[in-house]
Amino acid sequence: MLAAAVDAVHQRVWQAVCHYWEPNKIHGHGPDHAVRVYSMGLQLAAAEGADPLVMGAGCYIHDAGMRPDVGRTGHIERSLQIASALCEEMPELARVRDLLLTTIRYHEAELASPAPLPIEAVCVRDSDTLDRLGFTGIRMTLQYGVWIKRALCHPTDPLCRERTPDLNAFTMDYVRYLESLPQLLTTPLARSNSKEKQRQLEFYCSEFLSSFRQGCMRNHEDALQLVLLHMREESHVA
């Protein structure tokens, strides 16, 4: 398909699914996440020679199954249902149905997947993982922590330096867990881009610890304000 035709399909997909994403702003997985993953996904598709039609649709649908009442629980199955319904409505997607469903089924980096995955699935997986890293990933993790009512951090070991991480108890333990994701990236461009994301995470953790020691890191709101401050600074530099 010509680039203009692919873009037109992507826009129709987005119009069909954006209302699923909007309520999930409450836990950090709103439309901004979809748009960032879509943008990076197209870059990865170009670099890897993946089908941009499948890539873009997969990126726009991958987390559409999240819900403001249950969060991530069961979201992949619901996203697959949304994708299947769209394939019934859109002939362009019907022709790539199996491949599109594969990109959604295996989009989470921690999930076991058959080898080899189609390059389109690899690229959706890598683009989603990249957005979970750095400042964007920290912000999503903090927002999810607020929604699920986790404590912000351990009272004496806030960055989980001397403990086994307790991902269900402390949001900052989950932020530290994000350090494990770059090793799961597959494509060269994603691995390259992850270096800046890793720098952002290291910088944030250092600033968080400094604020914590000064008694200025009292709750998730303080932690979110810190990451938003640095995101604004990064955007001004860019």
# chains A, B, ... in the order shown; residues from 1 in each chain; ligands from 1

call {"tool": "closest_atom_pairs", "arguments": {"of": "region 12-116 of chain A", "to": "region 175-194 of chain A", "cutoff": "9 Å", "atoms": "only C-alpha atoms", "output": "JSON lines"}}
result
{"residue": "A:Met40", "atom": "CA", "partner": "A:Ala190", "partner_atom": "CA", "distance": 8.8}
{"residue": "A:Gln43", "atom": "CA", "partner": "A:Leu189", "partner_atom": "CA", "distance": 8.6}
{"residue": "A:Leu44", "atom": "CA", "partner": "A:Leu189", "partner_atom": "CA", "distance": 6.8}
{"residue": "A:Ala47", "atom": "CA", "partner": "A:Leu189", "partner_atom": "CA", "distance": 7.4}
{"residue": "A:Glu48", "atom": "CA", "partner": "A:Thr187", "partner_atom": "CA", "distance": 7.8}
{"residue": "A:Ala109", "atom": "CA", "partner": "A:Leu184", "partner_atom": "CA", "distance": 6.3}
{"residue": "A:Glu110", "atom": "CA", "partner": "A:Leu184", "partner_atom": "CA", "distance": 7.7}

call {"tool": "write_last_selection", "arguments": {"atoms": "N, CA, C and O atoms", "output": "PDB file, in the first residue's frame"}}
result
ATOM      1  N   MET A  40       7.106   5.822  17.589  1.00  0.00           N
ATOM      2  CA  MET A  40       8.329   5.027  17.628  1.00  0.00           C
ATOM      3  C   MET A  40       8.180   3.770  16.782  1.00  0.00           C
ATOM      4  O   MET A  40       9.121   3.340  16.103  1.00  0.00           O
ATOM      5  N   GLN A  43       9.028   4.358  13.221  1.00  0.00           N
ATOM      6  CA  GLN A  43      10.476   4.476  13.046  1.00  0.00           C
ATOM      7  C   GLN A  43      11.138   3.096  13.009  1.00  0.00           C
ATOM      8  O   GLN A  43      12.013   2.831  12.169  1.00  0.00           O
ATOM      9  N   LEU A  44      10.724   2.240  13.923  1.00  0.00           N
ATOM     10  CA  LEU A  44      11.289   0.891  13.948  1.00  0.00           C
ATOM     11  C   LEU A  44      10.899   0.114  12.696  1.00  0.00           C
ATOM     12  O   LEU A  44      11.711  -0.636  12.145  1.00  0.00           O
ATOM     13  N   ALA A  47      13.128   1.154   9.911  1.00  0.00           N
ATOM     14  CA  ALA A  47      14.497   0.665  10.092  1.00  0.00           C
ATOM     15  C   ALA A  47      14.603  -0.836   9.832  1.00  0.00           C
ATOM     16  O   ALA A  47      15.629  -1.315   9.348  1.00  0.00           O
ATOM     17  N   GLU A  48      13.540  -1.579  10.154  1.00  0.00           N
ATOM     18  CA  GLU A  48      13.588  -3.040  10.078  1.00  0.00           C
ATOM     19  C   GLU A  48      12.898  -3.609   8.849  1.00  0.00           C
ATOM     20  O   GLU A  48      12.903  -4.825   8.643  1.00  0.00           O
ATOM     21  N   ALA A 109       7.080  -7.065  26.811  1.00  0.00           N
ATOM     22  CA  ALA A 109       8.430  -7.609  26.728  1.00  0.00           C
ATOM     23  C   ALA A 109       8.653  -8.783  27.673  1.00  0.00           C
ATOM     24  O   ALA A 109       9.453  -9.680  27.382  1.00  0.00           O
ATOM     25  N   GLU A 110       7.955  -8.797  28.809  1.00  0.00           N
ATOM     26  CA  GLU A 110       8.188  -9.852  29.787  1.00  0.00           C
ATOM     27  C   GLU A 110       7.491 -11.163  29.431  1.00  0.00           C
ATOM     28  O   GLU A 110       7.790 -12.207  30.015  1.00  0.00           O
TER      29      GLU A 110
END

call {"tool": "residues_around", "arguments": {"residues": "Glu207 (chain A)", "least_positions_apart": "5", "cutoff": "10 Å", "atoms": "only C-alpha atoms", "output": "PDB file with C-alpha atoms, in the first residue's frame"}}
result
ATOM      1  CA  LEU A 201      15.998   6.717  34.878  1.00  0.00           C
ATOM      2  CA  GLU A 202      19.351   6.947  36.623  1.00  0.00           C
ATOM      3  CA  PHE A 212      13.670  11.780  49.933  1.00  0.00           C
ATOM      4  CA  ALA A 223       7.292  12.025  42.793  1.00  0.00           C
ATOM      5  CA  LEU A 226       9.654  15.715  39.966  1.00  0.00           C
ATOM      6  CA  VAL A 227       9.349  13.656  36.779  1.00  0.00           C
TER       7      VAL A 227
END

call {"tool": "closest_residue", "arguments": {"among": "A:Leu159, A:Ala3, A:Leu130, A:Met217", "to": "Tyr38 (chain A)", "atoms": "only C-alpha atoms"}}
result
A:Leu130

call {"tool": "closest_residue", "arguments": {"among": "A:Arg36, A:Arg163, A:His29, A:His154", "to": "Gly56 (chain A)", "atoms": "only C-alpha atoms"}}
result
A:Arg36

call {"tool": "select_by_dssp", "arguments": {"residues": "region 127-233 of chain A", "states": "helix (DSSP H, G or I)", "output": "PyMOL selection string"}}
result
chain A and resi 127-131+134-148+171-180+182-184+188-213+220-233

call {"tool": "closest_residue", "arguments": {"among": "A:Glu89, A:Asp166, A:Asp126, A:Glu120", "to": "Val37 (chain A)", "atoms": "only C-alpha atoms"}}
result
A:Asp126

call {"tool": "atom_distance", "arguments": {"atom1": "CA of Ile104 (chain A)", "atom2": "CA of Ala83 (chain A)"}}
result
8.4 Å

call {"tool": "closest_residue", "arguments": {"among": "A:Val9, A:Leu142, A:Leu209, A:Ile76", "to": "Leu111 (chain A)", "atoms": "only C-alpha atoms"}}
result
A:Ile76

call {"tool": "atom_distance", "arguments": {"atom1": "CA of Leu42 (chain A)", "atom2": "CA of Leu224 (chain A)"}}
result
28.8 Å

call {"tool": "closest_residue", "arguments": {"among": "A:Cys160, A:Cys153, A:Leu133, A:Met66", "to": "Pro31 (chain A)", "atoms": "only C-alpha atoms"}}
result
A:Met66

call {"tool": "residues_around", "arguments": {"residues": "Pro118 (chain A)", "least_positions_apart": "5", "cutoff": "12 Å", "atoms": "only C-alpha atoms", "output": "PDB file with N, CA and C atoms, in the first residue's frame"}}
result
ATOM      1  N   ALA A  45       9.657   0.291  12.240  1.00  0.00           N
ATOM      2  CA  ALA A  45       9.214  -0.403  11.031  1.00  0.00           C
ATOM      3  C   ALA A  45      10.061  -0.004   9.834  1.00  0.00           C
ATOM      4  N   GLU A  48      13.540  -1.579  10.154  1.00  0.00           N
ATOM      5  CA  GLU A  48      13.588  -3.040  10.078  1.00  0.00           C
ATOM      6  C   GLU A  48      12.898  -3.609   8.849  1.00  0.00           C
ATOM      7  N   GLY A  49      12.279  -2.750   8.035  1.00  0.00           N
ATOM      8  CA  GLY A  49      11.572  -3.241   6.865  1.00  0.00           C
ATOM      9  C   GLY A  49      10.284  -3.962   7.205  1.00  0.00           C
ATOM     10  N   ALA A  50       9.672  -3.586   8.327  1.00  0.00           N
ATOM     11  CA  ALA A  50       8.410  -4.201   8.744  1.00  0.00           C
ATOM     12  C   ALA A  50       7.248  -3.540   8.008  1.00  0.00           C
ATOM     13  N   ASP A  51       6.122  -4.225   7.971  1.00  0.00           N
ATOM     14  CA  ASP A  51       4.922  -3.704   7.319  1.00  0.00           C
ATOM     15  C   ASP A  51       4.351  -2.562   8.169  1.00  0.00           C
ATOM     16  N   VAL A  54       0.586  -2.924   9.531  1.00  0.00           N
ATOM     17  CA  VAL A  54       0.416  -3.769  10.707  1.00  0.00           C
ATOM     18  C   VAL A  54       1.004  -3.095  11.942  1.00  0.00           C
ATOM     19  N   MET A  55       2.174  -2.512  11.764  1.00  0.00           N
ATOM     20  CA  MET A  55       2.846  -1.850  12.885  1.00  0.00           C
ATOM     21  C   MET A  55       1.969  -0.768  13.490  1.00  0.00           C
ATOM     22  N   ASP A  98      -4.099 -12.230  11.139  1.00  0.00           N
ATOM     23  CA  ASP A  98      -3.292 -13.095  12.002  1.00  0.00           C
ATOM     24  C   ASP A  98      -2.024 -12.383  12.474  1.00  0.00           C
ATOM     25  N   LEU A  99      -1.386 -11.662  11.565  1.00  0.00           N
ATOM     26  CA  LEU A  99      -0.171 -10.944  11.922  1.00  0.00           C
ATOM     27  C   LEU A  99      -0.481  -9.824  12.922  1.00  0.00           C
ATOM     28  N   LEU A 100      -1.568  -9.111  12.691  1.00  0.00           N
ATOM     29  CA  LEU A 100      -1.948  -8.041  13.605  1.00  0.00           C
ATOM     30  C   LEU A 100      -2.223  -8.593  14.998  1.00  0.00           C
ATOM     31  N   LEU A 101      -2.947  -9.689  15.093  1.00  0.00           N
ATOM     32  CA  LEU A 101      -3.243 -10.272  16.396  1.00  0.00           C
ATOM     33  C   LEU A 101      -1.971 -10.756  17.089  1.00  0.00           C
ATOM     34  N   THR A 102      -1.013 -11.225  16.327  1.00  0.00           N
ATOM     35  CA  THR A 102       0.261 -11.660  16.908  1.00  0.00           C
ATOM     36  C   THR A 102       1.000 -10.476  17.536  1.00  0.00           C
ATOM     37  N   THR A 103       0.982  -9.315  16.870  1.00  0.00           N
ATOM     38  CA  THR A 103       1.677  -8.148  17.433  1.00  0.00           C
ATOM     39  C   THR A 103       1.061  -7.738  18.768  1.00  0.00           C
ATOM     40  N   ILE A 104      -0.232  -7.902  18.889  1.00  0.00           N
ATOM     41  CA  ILE A 104      -0.918  -7.508  20.125  1.00  0.00           C
ATOM     42  C   ILE A 104      -0.730  -8.567  21.207  1.00  0.00           C
ATOM     43  N   TYR A 106       1.701 -10.513  21.822  1.00  0.00           N
ATOM     44  CA  TYR A 106       3.046 -10.609  22.392  1.00  0.00           C
ATOM     45  C   TYR A 106       3.705  -9.245  22.577  1.00  0.00           C
ATOM     46  N   HIS A 107       2.903  -8.201  22.812  1.00  0.00           N
ATOM     47  CA  HIS A 107       3.506  -6.867  22.861  1.00  0.00           C
ATOM     48  C   HIS A 107       4.247  -6.579  24.157  1.00  0.00           C
ATOM     49  N   SER A 113       7.362 -15.662  24.279  1.00  0.00           N
ATOM     50  CA  SER A 113       6.828 -15.606  22.920  1.00  0.00           C
ATOM     51  C   SER A 113       7.507 -16.667  22.071  1.00  0.00           C
ATOM     52  N   CYS A 123       8.743  -5.260  16.563  1.00  0.00           N
ATOM     53  CA  CYS A 123       8.787  -3.800  16.581  1.00  0.00           C
ATOM     54  C   CYS A 123       7.719  -3.199  17.495  1.00  0.00           C
ATOM     55  N   VAL A 124       6.509  -3.765  17.501  1.00  0.00           N
ATOM     56  CA  VAL A 124       5.487  -3.287  18.436  1.00  0.00           C
ATOM     57  C   VAL A 124       5.954  -3.516  19.864  1.00  0.00           C
ATOM     58  N   ARG A 125       6.521  -4.670  20.117  1.00  0.00           N
ATOM     59  CA  ARG A 125       7.032  -5.020  21.444  1.00  0.00           C
ATOM     60  C   ARG A 125       8.110  -4.032  21.873  1.00  0.00           C
ATOM     61  N   THR A 186      15.073  -5.882  21.235  1.00  0.00           N
ATOM     62  CA  THR A 186      15.620  -6.721  20.175  1.00  0.00           C
ATOM     63  C   THR A 186      16.255  -5.923  19.040  1.00  0.00           C
TER      64      THR A 186
END

call {"tool": "atom_distance", "arguments": {"atom1": "CA of Phe203 (chain A)", "atom2": "CA of Gly28 (chain A)"}}
result
20.9 Å

call {"tool": "closest_residue", "arguments": {"among": "A:Gly137, A:Pro165, A:Pro155, A:Gly58", "to": "Gly215 (chain A)", "atoms": "only C-alpha atoms"}}
result
A:Pro155
